[in-house]
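A short worksheet on the structure shown next.
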Amino acid sequence: MNDPGLPMTDIHSSTVERVREITVNGRTSRTAAPTLGDLIVEQGFGDGRVATAVNGEFVAERARGATELRDGDSVEILSIRQGG
Amino acid sequence: MNQTEPIRPSPRVPAPQPLAFYGETVASRLLLGTALYPSPHVMSEAVRASGAGIVTVSLRREQARGRTGQRFLDLIRALSVRLLPNTAGCRTAREAVTTAEMARELLDTDWIKLEVIANDDTLQPDVFGLAEAAEELVKRGFKVFPYMTEDLSLADRLIGAGCRVLMPWGSPIGTGRGLANPQALKTLRAYHPDVPIVIDAGIGAPSHAAQALEMGCDAVLLNTAVARAQDPVRMAAAFATAIEAGRSAYEAGLIQPSDRAQPSTPVAGTPFFDLDPKGPGSEPL
């Protein structure tokens with residue numbers, strides 16, 4: 001979490017808040033969310049049922065809080081749609 | 001005769017056999033897709049008219065602060081049908097396995113319609129990726145409905161992996177061309193009489209569906225032929241009738257085609273039978 005050289009929004013804060021550049025559903029996104037669980041809340045996915053994957057691997061709902069995000073991560077957030 | 005007993009047309013006709021997928025009996029032999037309808041209302045009405053007990057859905061990217069998925073799920077849950085999520089659009093076994101895991105969590109089902117697509121123009125299943133994904137998914141506890149070509153060796157491999165349903169294409173998805181290779185489907189049926197076969201893709205007309213059921217396929221999965229019809233609700237009902245007719249015909253036992261004509265009216269007692277057609281009495285009047 002405290003790697004030097006990575007961008008920080010507030011280097012004086014006791015809890016260092018890093019901004020990460022990740023991809024969410026194919027779009028580049030800058031986020032301060034340290035975990036996938038935080039990202040879901042931050043980006044407003046918390047209300048509906050969604051399923052998640054990071055870098056092509058499924059992340060179960062119960063594991064989102066413990067899944068730390070890193071620069072360059074690719075996150076997929078999916079829900080149910082029409083299909084054949 | 002006991003009045004409560006159903007009347008059977010002939011003692012040689014077997015009682016209709018219920019269809020079951022992975023031990024779960026299903027009432028209808030029509031499975032319906034939920035895409036491409038002119039409106040959500042028409043989709044709902046078409047599902048009702050079809051009598052389908054199982055409908056397919058997909059997983060797609062949700063928008064931030066969006067509730068599109070939730071709204072669709074609420075709509076479809078009101079239909080009281082079993083949901084069969086698919087892995088449509090996946091091009092590798094890995095993508096398909098991840099999508100299946102996501103579907104299982106979203107819908108709380110271990111059923112998955114497994115699609116691994118090889119080619120944009122034909123939407124042909126990637127048979128190698130399909131087999132690889134099926135093996136992995138079965139290990140992870142999924143009940144796999146593989147969208148496959150009609151190839152017997154592939155069927156053997158999928159069954160060996162633990163698939164207990166086969167879903168060969170009739171013809172490429174959305175083409176409406178019907179059963180392109182009925183002989184291979186007959187072979188699949190003959191080699192695997194106890195594994196449900198669902199024709200998935202390519203059905204364009206109720207007659208195609210009836211043909212599939214007449215030759216002993218167990219069910220049909222449709223989408224475009226209903227959703228893109230001028231009147232999807234009426235077409236859904238038309239397919240339901242055709243599928244019921246096709247199944248009844250299979251259970252009733254079709255006659256074998258013959259190269260030679262055979263009179264249906266009895267020959268015995270035919271008048272003028274003993275007259276020489278070239279002899280007296282044959283002249284024009």
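Each chain in the structure tokens gets a letter, A, B, ..., in the order shown, and its residues are numbered from 1; ligands are numbered from 1 in order too.
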Using DSSP on the backbone coordinates, identify all residues within stretch 126-214 of chain B classified as strand (DSSP E); present the result as number ranges by chain. B: 143-148, 167-168, 198-200
Neighbours of chain B in chain A at 6 Å, counting only C-alpha atoms, as a ChimeraX atom specification: /A:43-45,48,51,57-58,77-84
Enter the distance from atom CA of B:Ala20 to atom CA of B:Ile54, in Å, rounded to one decimal. 11.9 Å
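Within 8 Å of stretch 26-29 of chain A there are Glu21, Ser74, Val75 and Glu76 of chain A, counting only C-alpha atoms and ignoring same-chain residues fewer than 5 positions away.
Atom CA of B:Ile199 is positioned 9.1 Å from atom CA of B:Leu185.
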